[in-house]
Amino acid sequence: MNSSATSVLKLVDTHNSRRLILDSPRTINALSLGVIKDMLNAVRGLGKEHRCLIISSSSKNFSGGHNLKELKVDSHNKSLASEVFTLSSELMLSLKKARVPVIGLIDGAAFAAGCQLAASCDILLATKRSTFALSGIKLGLFCHTPAVAVGRCLPQKVTFEMLCTGDAISAETALNYGMVNKVGENVEDIEKMCDELVSKICCYDAEVIAMGKKEFYNQMSKLSEDEAYRSATPVMEENADLNVCQTGISKFFEKKKH
């Protein structure tokens, strides 16, 4: 196991995964410009040895969102907000474009950009006490960019209500609406769920999963079902021609013989 850290973000590499740990309890794990840049570098630095990327926190909350000090406009940092929002959007997109599944472990509050980060993960595990909110409206800032990710996980009307009220939803509610995959009683529960997921994912071919993830999000973004099938069909054909698939099919028929 290899690890490195900044003052607010820890990076831990194991034999099959990379974990990013938000570690700034004092700021409710704020997604400052520095943290966003460090996370982007960590995602871009994923190697072939990494089969999963895990994002979690070390404290009682996941993330309260952006560092508000960086959004306060004055004569010294007029362009800082623009850079924060631009790089934050780039980070969220990088998670979708990563070749490996991204698993989010949520414990406590995931608010505003923290909710956006959670929603940008491919698979989301949350403790029972976790809550999700698009709370920017309480400061006079509509959560425009967080809505991009959250609105693709939750029903449109639910997302819009969250945007207009800043009210939080529970982990159970997020589970019922499909934003969260599984809910555990505590951190130990979701860590166990995560270990099981990583073990299962590592059983299968990395190239096939990378190909599948890319096309899954590609076709999900299409405007019509017809376009989605036209996009997915040639990728399915390409996958079927891969040696790993042909070997798997051969093994299936060998088992049937016995």
# chains A, B, ... in the order shown; residues from 1 in each chain; ligands from 1

$ residues_around --residues "Tyr217 of chain A" --least-positions-apart "5" --cutoff "9 Å" --atoms "only C-alpha atoms" --output "JSON, numbers by chain"
{"A": [96, 97, 212, 222]}

$ write_last_selection --atoms "N, CA and C atoms" --output "mmCIF file, in the first residue's frame"
data_model
loop_
_atom_site.group_PDB
_atom_site.id
_atom_site.type_symbol
_atom_site.label_atom_id
_atom_site.label_comp_id
_atom_site.auth_asym_id
_atom_site.auth_seq_id
_atom_site.Cartn_x
_atom_site.Cartn_y
_atom_site.Cartn_z
ATOM 1 N N LYS A 96 -16.509 10.548 -14.770
ATOM 2 C CA LYS A 96 -17.311 9.785 -15.734
ATOM 3 C C LYS A 96 -16.433 9.207 -16.846
ATOM 4 N N LYS A 97 -15.369 9.945 -17.207
ATOM 5 C CA LYS A 97 -14.502 9.504 -18.298
ATOM 6 C C LYS A 97 -13.418 8.526 -17.846
ATOM 7 N N GLY A 212 -17.202 -0.856 -21.551
ATOM 8 C CA GLY A 212 -18.605 -0.824 -21.155
ATOM 9 C C GLY A 212 -18.996 0.479 -20.487
ATOM 10 N N LYS A 222 -27.639 10.126 -25.076
ATOM 11 C CA LYS A 222 -28.306 10.318 -26.362
ATOM 12 C C LYS A 222 -29.739 10.815 -26.173
#

$ residues_around --residues "segment 43-60 of chain A" --least-positions-apart "6" --cutoff "9 Å" --atoms "only C-alpha atoms" --output "PyMOL selection string"
chain A and resi 9+13-25+28-29+91+94-95+98-109+118+121+194+198+201-202+206

$ select_by_dssp --residues "segment 18-176 of chain A" --states "alpha helix (DSSP H)" --output "JSON, numbers by chain"
{"A": [33, 34, 35, 36, 37, 38, 39, 40, 41, 42, 43, 44, 80, 81, 82, 83, 84, 85, 86, 87, 88, 89, 90, 91, 92, 93, 94, 95, 96, 97, 113, 114, 115, 116, 117, 118, 119, 120, 144, 145, 146, 147, 148, 149, 150, 156, 157, 158, 159, 160, 161, 162, 163, 164, 165, 171, 172, 173, 174, 175, 176]}

$ closest_residue --among "A:Ala126, A:Lys10, A:Lys257, A:Lys214" --to "Leu93 of chain A" --atoms "only C-alpha atoms"
A:Lys214

$ residues_around --residues "segment 236-251 of chain A" --least-positions-apart "5" --cutoff "8 Å" --atoms "only C-alpha atoms" --output "ChimeraX atom specification"
/A:205,208,211

$ write_last_selection --atoms "C-alpha atoms" --output "PDB file, in the first residue's frame"
ATOM      1  CA  ASP A 205     -11.590  -7.995 -17.522  1.00  0.00           C
ATOM      2  CA  VAL A 208     -14.258  -4.890 -21.044  1.00  0.00           C
ATOM      3  CA  MET A 211     -15.276  -0.184 -22.832  1.00  0.00           C
TER       4      MET A 211
END

$ atom_distance --atom1 "atom CA of Val158 of chain A" --atom2 "atom CA of Ala174 of chain A"
10.2 Å

$ closest_atom_pairs --of "segment 96-180 of chain A" --to "segment 70-73 of chain A" --cutoff "12 Å" --atoms "only C-alpha atoms" --output "CSV"
residue,atom,partner,partner_atom,distance
A:Gly136,CA,A:Leu71,CA,11.8
A:Leu139,CA,A:Leu71,CA,11.3
A:Leu141,CA,A:Leu71,CA,10.3

$ write_last_selection --atoms "N, CA and C atoms" --output "compact mmCIF listing (two decimals), in the first residue's frame"
# COMPACT_ATOMS: atom_id res chain seq x y z
N GLY A 136 -27.06 25.74 -2.02
CA GLY A 136 -26.54 27.05 -2.42
C GLY A 136 -27.57 28.16 -2.37
N LEU A 139 -27.65 30.76 0.27
CA LEU A 139 -26.67 31.85 0.22
C LEU A 139 -26.92 32.77 -0.96
N LEU A 141 -27.07 31.57 -4.04
CA LEU A 141 -26.36 30.98 -5.19
C LEU A 141 -27.05 29.69 -5.61

$ closest_residue --among "A:Leu125, A:Ile36, A:Val150, A:Met92" --to "Asp189 of chain A" --atoms "only C-alpha atoms"
A:Leu125

$ residues_around --residues "Glu215 of chain A" --least-positions-apart "4" --cutoff "10 Å" --atoms "only C-alpha atoms" --output "mmCIF file with N, CA, C and O atoms, in the first residue's frame"
data_model
loop_
_atom_site.group_PDB
_atom_site.id
_atom_site.type_symbol
_atom_site.label_atom_id
_atom_site.label_comp_id
_atom_site.auth_asym_id
_atom_site.auth_seq_id
_atom_site.Cartn_x
_atom_site.Cartn_y
_atom_site.Cartn_z
ATOM 1 N N ILE A 209 -14.645 -3.729 -18.938
ATOM 2 C CA ILE A 209 -15.327 -2.769 -18.062
ATOM 3 C C ILE A 209 -15.104 -1.339 -18.550
ATOM 4 O O ILE A 209 -16.036 -0.523 -18.562
ATOM 5 N N ALA A 210 -13.883 -1.021 -18.978
ATOM 6 C CA ALA A 210 -13.589 0.324 -19.485
ATOM 7 C C ALA A 210 -14.423 0.626 -20.727
ATOM 8 O O ALA A 210 -14.995 1.713 -20.866
ATOM 9 N N MET A 211 -14.489 -0.342 -21.619
ATOM 10 C CA MET A 211 -15.276 -0.184 -22.832
ATOM 11 C C MET A 211 -16.752 -0.029 -22.487
ATOM 12 O O MET A 211 -17.463 0.826 -23.035
ATOM 13 N N GLN A 219 -24.249 6.301 -24.494
ATOM 14 C CA GLN A 219 -25.609 6.067 -24.971
ATOM 15 C C GLN A 219 -26.664 6.655 -24.045
ATOM 16 O O GLN A 219 -27.745 7.043 -24.482
ATOM 17 N N MET A 220 -26.346 6.779 -22.748
ATOM 18 C CA MET A 220 -27.300 7.375 -21.817
ATOM 19 C C MET A 220 -27.490 8.870 -22.090
ATOM 20 O O MET A 220 -28.500 9.454 -21.719
ATOM 21 N N SER A 221 -26.489 9.466 -22.748
ATOM 22 C CA SER A 221 -26.576 10.897 -23.033
ATOM 23 C C SER A 221 -27.306 11.176 -24.347
ATOM 24 O O SER A 221 -27.558 12.326 -24.684
ATOM 25 N N ALA A 228 -29.454 5.651 -29.218
ATOM 26 C CA ALA A 228 -28.690 4.874 -28.233
ATOM 27 C C ALA A 228 -28.367 3.483 -28.766
ATOM 28 O O ALA A 228 -27.247 2.994 -28.608
ATOM 29 N N SER A 231 -25.679 3.594 -31.373
ATOM 30 C CA SER A 231 -24.366 3.810 -30.766
ATOM 31 C C SER A 231 -23.836 2.548 -30.093
ATOM 32 O O SER A 231 -22.656 2.207 -30.216
ATOM 33 N N ALA A 232 -24.719 1.851 -29.375
ATOM 34 C CA ALA A 232 -24.288 0.706 -28.557
ATOM 35 C C ALA A 232 -24.016 -0.551 -29.386
ATOM 36 O O ALA A 232 -23.164 -1.370 -29.020
ATOM 37 N N THR A 233 -24.718 -0.718 -30.511
ATOM 38 C CA THR A 233 -24.595 -1.963 -31.294
ATOM 39 C C THR A 233 -23.171 -2.224 -31.789
ATOM 40 O O THR A 233 -22.638 -3.316 -31.576
ATOM 41 N N VAL A 235 -20.360 -1.160 -30.617
ATOM 42 C CA VAL A 235 -19.476 -1.386 -29.469
ATOM 43 C C VAL A 235 -19.673 -2.792 -28.932
ATOM 44 O O VAL A 235 -18.720 -3.474 -28.538
ATOM 45 N N MET A 236 -20.930 -3.254 -28.915
ATOM 46 C CA MET A 236 -21.226 -4.624 -28.490
ATOM 47 C C MET A 236 -20.544 -5.621 -29.423
ATOM 48 O O MET A 236 -19.977 -6.635 -28.977
#

$ residues_around --residues "Gln116 of chain A" --least-positions-apart "4" --cutoff "7 Å" --atoms "only C-alpha atoms" --output "list in words"
Ala112, Ser120, Pro146, Ala149 and Val150 of chain A

$ write_last_selection --atoms "all heavy atoms" --output "mmCIF file, in the first residue's frame"
data_model
loop_
_atom_site.group_PDB
_atom_site.id
_atom_site.type_symbol
_atom_site.label_atom_id
_atom_site.label_comp_id
_atom_site.auth_asym_id
_atom_site.auth_seq_id
_atom_site.Cartn_x
_atom_site.Cartn_y
_atom_site.Cartn_z
ATOM 1 N N ALA A 112 -24.327 20.773 -1.703
ATOM 2 C CA ALA A 112 -23.896 21.619 -2.820
ATOM 3 C C ALA A 112 -22.887 20.873 -3.713
ATOM 4 O O ALA A 112 -23.219 19.814 -4.243
ATOM 5 C CB ALA A 112 -23.334 22.942 -2.287
ATOM 6 N N SER A 120 -21.618 12.319 -9.011
ATOM 7 C CA SER A 120 -20.738 12.065 -10.158
ATOM 8 C C SER A 120 -20.048 10.705 -10.073
ATOM 9 O O SER A 120 -19.423 10.270 -11.049
ATOM 10 C CB SER A 120 -19.687 13.174 -10.272
ATOM 11 O OG SER A 120 -20.301 14.424 -10.509
ATOM 12 N N PRO A 146 -23.923 21.815 -9.785
ATOM 13 C CA PRO A 146 -24.290 20.584 -9.084
ATOM 14 C C PRO A 146 -25.558 19.945 -9.648
ATOM 15 O O PRO A 146 -25.703 18.724 -9.656
ATOM 16 C CB PRO A 146 -24.500 21.050 -7.637
ATOM 17 C CG PRO A 146 -23.555 22.194 -7.488
ATOM 18 C CD PRO A 146 -23.646 22.909 -8.818
ATOM 19 N N ALA A 149 -25.124 17.103 -12.375
ATOM 20 C CA ALA A 149 -24.888 15.729 -11.925
ATOM 21 C C ALA A 149 -26.084 15.166 -11.171
ATOM 22 O O ALA A 149 -26.533 14.042 -11.433
ATOM 23 C CB ALA A 149 -23.646 15.679 -11.040
ATOM 24 N N VAL A 150 -26.612 15.950 -10.240
ATOM 25 C CA VAL A 150 -27.716 15.461 -9.400
ATOM 26 C C VAL A 150 -28.977 15.229 -10.226
ATOM 27 O O VAL A 150 -29.699 14.244 -10.020
ATOM 28 C CB VAL A 150 -27.998 16.439 -8.241
ATOM 29 C CG1 VAL A 150 -29.176 15.961 -7.394
ATOM 30 C CG2 VAL A 150 -26.758 16.585 -7.364
#

$ select_by_dssp --residues "segment 143-244 of chain A" --states "strand (DSSP E)" --output "list in words"
Ile169, Ser170, Lys182, Val183 and Gly184 of chain A

$ atom_distance --atom1 "atom CA of Phe132 of chain A" --atom2 "atom CA of Ile169 of chain A"
5.3 Å

$ closest_residue --among "A:Thr165, A:Thr127, A:Ser82, A:Ser63" --to "Val180 of chain A" --atoms "only C-alpha atoms"
A:Thr127

$ closest_residue --among "A:Lys213, A:His66, A:Arg152, A:His144" --to "Gly178 of chain A" --atoms "only C-alpha atoms"
A:Arg152

$ closest_residue --among "A:Leu124, A:Ala119, A:Ala81, A:Val35" --to "Thr159 of chain A" --atoms "only C-alpha atoms"
A:Ala119
